[in-house]
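What's in query.pdb: PDB, C-alpha atoms
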```
ATOM      1  CA  MET A   1      -4.770  31.883  30.328
ATOM      2  CA  LEU A   2      -3.082  33.782  33.127
ATOM      3  CA  ALA A   3       0.298  32.030  32.874
ATOM      4  CA  PRO A   4       1.708  34.071  29.934
ATOM      5  CA  TYR A   5       0.957  37.318  31.756
ATOM      6  CA  LEU A   6       2.556  36.060  34.944
ATOM      7  CA  VAL A   7       5.642  34.961  33.017
ATOM      8  CA  GLY A   8       5.796  38.392  31.354
ATOM      9  CA  ILE A   9       5.464  40.174  34.700
ATOM     10  CA  ALA A  10       8.125  37.930  36.206
ATOM     11  CA  ILE A  11      10.570  38.569  33.349
ATOM     12  CA  LEU A  12       9.887  42.258  32.774
ATOM     13  CA  ILE A  13       9.195  43.511  36.310
ATOM     14  CA  VAL A  14      10.115  41.104  39.103
ATOM     15  CA  LEU A  15      13.453  39.866  37.732
ATOM     16  CA  PRO A  16      14.836  43.363  36.968
ATOM     17  CA  ALA A  17      13.692  44.567  40.405
ATOM     18  CA  LEU A  18      15.501  41.695  42.128
ATOM     19  CA  VAL A  19      18.668  42.218  40.081
ATOM     20  CA  THR A  20      18.573  45.943  40.852
ATOM     21  CA  PHE A  21      18.203  45.262  44.578
ATOM     22  CA  ALA A  22      21.058  42.742  44.434
ATOM     23  CA  LEU A  23      23.269  45.337  42.754
ATOM     24  CA  ALA A  24      22.243  47.938  45.334
ATOM     25  CA  VAL A  25      23.551  45.919  48.288
ATOM     26  CA  PHE A  26      27.025  45.606  46.772
ATOM     27  CA  GLU A  27      29.756  48.187  46.398
ATOM     28  CA  TYR A  28      31.510  47.699  43.119
ATOM     29  CA  ASP A  29      33.346  49.322  40.259
ATOM     30  CA  LEU A  30      34.792  47.961  37.053
ATOM     31  CA  ILE A  31      38.292  47.436  38.475
ATOM     32  CA  ARG A  32      37.784  45.575  41.772
ATOM     33  CA  SER A  33      35.511  42.659  42.525
ATOM     34  CA  PRO A  34      32.174  43.506  44.196
ATOM     35  CA  ARG A  35      32.127  43.844  47.982
ATOM     36  CA  PHE A  36      28.958  43.216  50.003
ATOM     37  CA  ALA A  37      27.845  46.492  51.581
ATOM     38  CA  GLY A  38      24.504  45.449  53.046
ATOM     39  CA  LEU A  39      22.183  48.370  53.663
ATOM     40  CA  GLU A  40      25.035  50.888  53.924
ATOM     41  CA  ASN A  41      24.367  52.148  50.388
ATOM     42  CA  PHE A  42      20.756  52.874  51.370
ATOM     43  CA  ARG A  43      21.843  54.674  54.568
ATOM     44  CA  GLU A  44      24.257  56.792  52.552
ATOM     45  CA  LEU A  45      21.552  57.563  50.017
ATOM     46  CA  ALA A  46      19.057  58.553  52.728
ATOM     47  CA  GLY A  47      21.560  61.072  54.085
ATOM     48  CA  ASP A  48      22.186  62.695  50.698
ATOM     49  CA  ASP A  49      20.502  66.094  50.254
ATOM     50  CA  VAL A  50      20.365  65.779  46.470
ATOM     51  CA  PHE A  51      18.553  62.438  46.757
ATOM     52  CA  ARG A  52      16.018  63.853  49.219
ATOM     53  CA  THR A  53      15.400  66.814  46.912
ATOM     54  CA  SER A  54      14.963  64.431  43.999
ATOM     55  CA  VAL A  55      12.436  62.312  45.904
ATOM     56  CA  ARG A  56      10.539  65.422  47.016
ATOM     57  CA  ASN A  57      10.409  66.750  43.436
ATOM     58  CA  SER A  58       9.219  63.378  42.145
ATOM     59  CA  LEU A  59       6.455  63.224  44.750
ATOM     60  CA  MET A  60       5.369  66.786  43.916
ATOM     61  CA  PHE A  61       5.215  65.820  40.252
ATOM     62  CA  ILE A  62       3.095  62.780  41.070
ATOM     63  CA  LEU A  63       0.759  64.786  43.307
ATOM     64  CA  PHE A  64       0.228  67.734  40.961
ATOM     65  CA  ALA A  65       1.272  67.161  37.356
ATOM     66  CA  VAL A  66      -0.271  63.743  36.844
ATOM     67  CA  PRO A  67      -3.786  64.614  38.120
ATOM     68  CA  LEU A  68      -3.743  67.981  36.333
ATOM     69  CA  ARG A  69      -2.764  66.354  33.051
ATOM     70  CA  LEU A  70      -5.458  63.722  33.526
ATOM     71  CA  LEU A  71      -8.102  66.369  34.273
ATOM     72  CA  GLY A  72      -6.975  68.417  31.265
ATOM     73  CA  ALA A  73      -7.222  65.412  28.960
ATOM     74  CA  LEU A  74     -10.639  64.502  30.341
ATOM     75  CA  GLY A  75     -11.838  68.102  29.942
ATOM     76  CA  LEU A  76     -10.602  68.242  26.354
ATOM     77  CA  ALA A  77     -12.305  64.922  25.599
ATOM     78  CA  LEU A  78     -15.577  66.221  27.029
ATOM     79  CA  LEU A  79     -15.309  69.423  24.991
ATOM     80  CA  LEU A  80     -14.526  67.576  21.770
ATOM     81  CA  HIS A  81     -17.407  65.172  22.364
ATOM     82  CA  GLN A  82     -19.971  68.007  22.272
ATOM     83  CA  ARG A  83     -21.970  68.675  19.118
ATOM     84  CA  TYR A  84     -21.533  72.245  17.948
ATOM     85  CA  ARG A  85     -20.557  74.015  14.774
ATOM     86  CA  GLY A  86     -16.875  73.621  13.843
ATOM     87  CA  VAL A  87     -16.092  70.851  16.324
ATOM     88  CA  GLY A  88     -14.641  68.755  13.468
ATOM     89  CA  ALA A  89     -11.824  71.266  12.994
ATOM     90  CA  TYR A  90     -10.988  71.140  16.702
ATOM     91  CA  ARG A  91     -11.079  67.341  16.683
ATOM     92  CA  THR A  92      -8.744  67.305  13.693
ATOM     93  CA  ALA A  93      -6.357  69.754  15.370
ATOM     94  CA  ALA A  94      -6.313  67.639  18.525
ATOM     95  CA  TYR A  95      -5.892  64.303  16.727
ATOM     96  CA  LEU A  96      -3.475  65.292  13.956
ATOM     97  CA  PRO A  97      -0.333  65.325  16.163
ATOM     98  CA  THR A  98      -1.071  61.689  17.005
ATOM     99  CA  VAL A  99      -1.403  60.550  13.396
ATOM    100  CA  VAL A 100       1.293  62.562  11.604
ATOM    101  CA  PRO A 101       4.346  60.795  13.141
ATOM    102  CA  ASP A 102       2.985  57.358  12.198
ATOM    103  CA  VAL A 103       2.410  58.488   8.630
ATOM    104  CA  ALA A 104       5.935  59.928   8.515
ATOM    105  CA  TYR A 105       7.400  56.650   9.816
ATOM    106  CA  ALA A 106       5.470  54.661   7.225
ATOM    107  CA  LEU A 107       6.667  56.918   4.402
ATOM    108  CA  LEU A 108      10.247  56.700   5.663
ATOM    109  CA  TRP A 109      10.180  52.884   5.677
ATOM    110  CA  LEU A 110       8.568  52.845   2.239
ATOM    111  CA  TRP A 111      11.444  54.976   0.973
ATOM    112  CA  ILE A 112      14.093  52.807   2.691
ATOM    113  CA  PHE A 113      12.701  49.599   1.156
ATOM    114  CA  ASN A 114      11.951  51.080  -2.268
ATOM    115  CA  PRO A 115      13.445  48.713  -4.871
ATOM    116  CA  LEU A 116      14.404  51.497  -7.309
ATOM    117  CA  TYR A 117      16.004  54.243  -5.239
ATOM    118  CA  GLY A 118      15.862  53.167  -1.583
ATOM    119  CA  PRO A 119      19.109  53.346   0.408
ATOM    120  CA  LEU A 120      18.802  49.730   1.549
ATOM    121  CA  ASN A 121      18.652  48.535  -2.052
ATOM    122  CA  LEU A 122      21.623  50.735  -2.973
ATOM    123  CA  ALA A 123      23.637  49.372  -0.023
ATOM    124  CA  LEU A 124      22.824  45.777  -0.964
ATOM    125  CA  GLU A 125      23.801  46.478  -4.557
ATOM    126  CA  ALA A 126      27.102  48.077  -3.474
ATOM    127  CA  MET A 127      27.970  44.998  -1.395
ATOM    128  CA  GLY A 128      27.119  42.657  -4.241
ATOM    129  CA  GLY A 129      24.003  41.310  -2.587
ATOM    130  CA  PRO A 130      20.733  40.362  -4.239
ATOM    131  CA  THR A 131      18.487  43.209  -5.316
ATOM    132  CA  PRO A 132      14.883  43.084  -6.469
TER     133      PRO A 132
END
```
Output the file's structure in the form of structure tokens.
Amino acid sequence: MLAPYLVGIAILIVLPALVTFALAVFEYDLIRSPRFAGLENFRELAGDDVFRTSVRNSLMFILFAVPLRLLGALGLALLLHQRYRGVGAYRTAAYLPTVVPDVAYALLWLWIFNPLYGPLNLALEAMGGPTP
């Protein structure tokens, strides 16, 4: 039962990580053939001020934004779980932005595949293909 997950992890995580590391130890462009650079690319990256600023900003985001967003979501969930007058309106207002895009996507696909006036049917008809 665990094998499919391990295969998925190997294909989607481990393999891309190994390929990325392999690309990182080479110096290459689209004109010349790749040249092995070893860890020189990493040394050059460690000395770059923009890279260090980027890493610092990413760590600050991880340390502050992620926990604050998690606490905010948990607080909102606790508030919306309470039983008081008008909580249904607040629940609707909080949940509606999650549902509306899916409904819009469904309506869009219904229109695209509509046999009478959908653009896919019109395109098939224009190319001489079968239409319903």
Find the residues around stretch 109-116 of chain A up to 10 Å (all atoms listed in the file counted), leave out those fewer than 5 positions away in its own chain, and share them as a PyMOL selection string.
chain A and resi 104+121-122+131-132
Provide an axis-aligned box for all listed atoms of stretch 72-81 of chain A, padding each side by 3 Å; report its centre and its edge lengths in Å to one decimal, as AutoDock Vina command-line options.
```
--center_x -12.2 --center_y 67.0 --center_z 26.5 --size_x 16.4 --size_y 10.9 --size_z 15.5
```
Skip A:Arg35 itself and residues of its chain fewer than 4 positions away, then list as a list of chain:residue names all residues within 9 Å of it, counting all atoms listed in the file.
A:Val25, A:Phe26, A:Glu27, A:Tyr28
Could you jot down the atom CA of A:Val55 to atom CA of A:Val19 separation for me, Å, one decimal place?
21.8 Å
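The smallest atom-to-atom distance between A:Leu108 and any of A:Val7, A:Val87, A:Leu120, A:Leu76, using only C-alpha atoms, is found for A:Leu120.
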For atom CA of A:Arg91 and atom CA of A:Ala77, determine how far apart the two atoms are, in Å to one decimal place.
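Going from atom CA of A:Arg91 over to atom CA of A:Ala77 covers 9.3 Å.
Between atom CA of A:Ala22 and atom CA of A:Pro34 the interatomic distance comes to 11.1 Å.
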Using only C-alpha atoms, find all polymer residues with an atom at most 7 Å away from the point (-11.8, 64.8, 17.6); report them as a ChimeraX atom specification.
/A:80,88,90-92,94-95
Next, the residues of the selection above should be written as a PDB file, in the frame of the given file with C-alpha atoms.
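So again_14.pdb came out as:
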```pdb
ATOM      1  CA  LEU A  80     -14.526  67.576  21.770  1.00  0.00           C
ATOM      2  CA  GLY A  88     -14.641  68.755  13.468  1.00  0.00           C
ATOM      3  CA  TYR A  90     -10.988  71.140  16.702  1.00  0.00           C
ATOM      4  CA  ARG A  91     -11.079  67.341  16.683  1.00  0.00           C
ATOM      5  CA  THR A  92      -8.744  67.305  13.693  1.00  0.00           C
ATOM      6  CA  ALA A  94      -6.313  67.639  18.525  1.00  0.00           C
ATOM      7  CA  TYR A  95      -5.892  64.303  16.727  1.00  0.00           C
TER       8      TYR A  95
END
```
Reconstructed stretch 4-30 of chain A, atom set N, CA and C atoms, as a tab-separated table (two decimals), in the frame of the given file:
```
chain	number	residue	atom	x	y	z
A	4	PRO	N	0.83	33.21	30.74
A	4	PRO	CA	1.71	34.07	29.93
A	4	PRO	C	1.90	35.46	30.54
A	5	TYR	N	0.84	36.00	31.13
A	5	TYR	CA	0.96	37.32	31.76
A	5	TYR	C	1.86	37.26	32.99
A	6	LEU	N	1.71	36.20	33.76
A	6	LEU	CA	2.56	36.06	34.94
A	6	LEU	C	4.02	35.88	34.56
A	7	VAL	N	4.27	35.13	33.50
A	7	VAL	CA	5.64	34.96	33.02
A	7	VAL	C	6.18	36.31	32.54
A	8	GLY	N	5.38	37.06	31.81
A	8	GLY	CA	5.80	38.39	31.35
A	8	GLY	C	6.09	39.32	32.51
A	9	ILE	N	5.23	39.33	33.52
A	9	ILE	CA	5.46	40.17	34.70
A	9	ILE	C	6.73	39.74	35.41
A	10	ALA	N	6.93	38.43	35.53
A	10	ALA	CA	8.12	37.93	36.21
A	10	ALA	C	9.39	38.35	35.46
A	11	ILE	N	9.37	38.25	34.13
A	11	ILE	CA	10.57	38.57	33.35
A	11	ILE	C	10.80	40.07	33.24
A	12	LEU	N	9.73	40.83	33.05
A	12	LEU	CA	9.89	42.26	32.77
A	12	LEU	C	9.84	43.15	34.01
A	13	ILE	N	9.31	42.66	35.13
A	13	ILE	CA	9.20	43.51	36.31
A	13	ILE	C	9.93	42.92	37.51
A	14	VAL	N	9.57	41.69	37.88
A	14	VAL	CA	10.12	41.10	39.10
A	14	VAL	C	11.61	40.83	38.98
A	15	LEU	N	12.03	40.19	37.91
A	15	LEU	CA	13.45	39.87	37.73
A	15	LEU	C	14.34	41.12	37.71
A	16	PRO	N	14.01	42.15	36.92
A	16	PRO	CA	14.84	43.36	36.97
A	16	PRO	C	14.85	44.03	38.34
A	17	ALA	N	13.73	43.98	39.07
A	17	ALA	CA	13.69	44.57	40.40
A	17	ALA	C	14.62	43.81	41.35
A	18	LEU	N	14.61	42.49	41.27
A	18	LEU	CA	15.50	41.70	42.13
A	18	LEU	C	16.97	41.92	41.78
A	19	VAL	N	17.28	41.97	40.50
A	19	VAL	CA	18.67	42.22	40.08
A	19	VAL	C	19.12	43.60	40.53
A	20	THR	N	18.24	44.59	40.42
A	20	THR	CA	18.57	45.94	40.85
A	20	THR	C	18.82	45.98	42.35
A	21	PHE	N	17.98	45.30	43.13
A	21	PHE	CA	18.20	45.26	44.58
A	21	PHE	C	19.51	44.55	44.90
A	22	ALA	N	19.80	43.46	44.20
A	22	ALA	CA	21.06	42.74	44.43
A	22	ALA	C	22.25	43.64	44.13
A	23	LEU	N	22.18	44.41	43.07
A	23	LEU	CA	23.27	45.34	42.75
A	23	LEU	C	23.37	46.45	43.80
A	24	ALA	N	22.25	46.83	44.38
A	24	ALA	CA	22.24	47.94	45.33
A	24	ALA	C	22.90	47.57	46.66
A	25	VAL	N	22.95	46.30	47.01
A	25	VAL	CA	23.55	45.92	48.29
A	25	VAL	C	25.03	45.58	48.15
A	26	PHE	N	25.60	45.81	46.99
A	26	PHE	CA	27.02	45.61	46.77
A	26	PHE	C	27.68	46.93	46.43
A	27	GLU	N	28.95	47.05	46.81
A	27	GLU	CA	29.76	48.19	46.40
A	27	GLU	C	30.73	47.65	45.36
A	28	TYR	N	30.68	48.25	44.19
A	28	TYR	CA	31.51	47.70	43.12
A	28	TYR	C	31.90	48.79	42.14
A	29	ASP	N	32.96	48.51	41.41
A	29	ASP	CA	33.35	49.32	40.26
A	29	ASP	C	33.88	48.34	39.22
A	30	LEU	N	34.37	48.85	38.13
A	30	LEU	CA	34.79	47.96	37.05
A	30	LEU	C	36.19	47.39	37.26
```
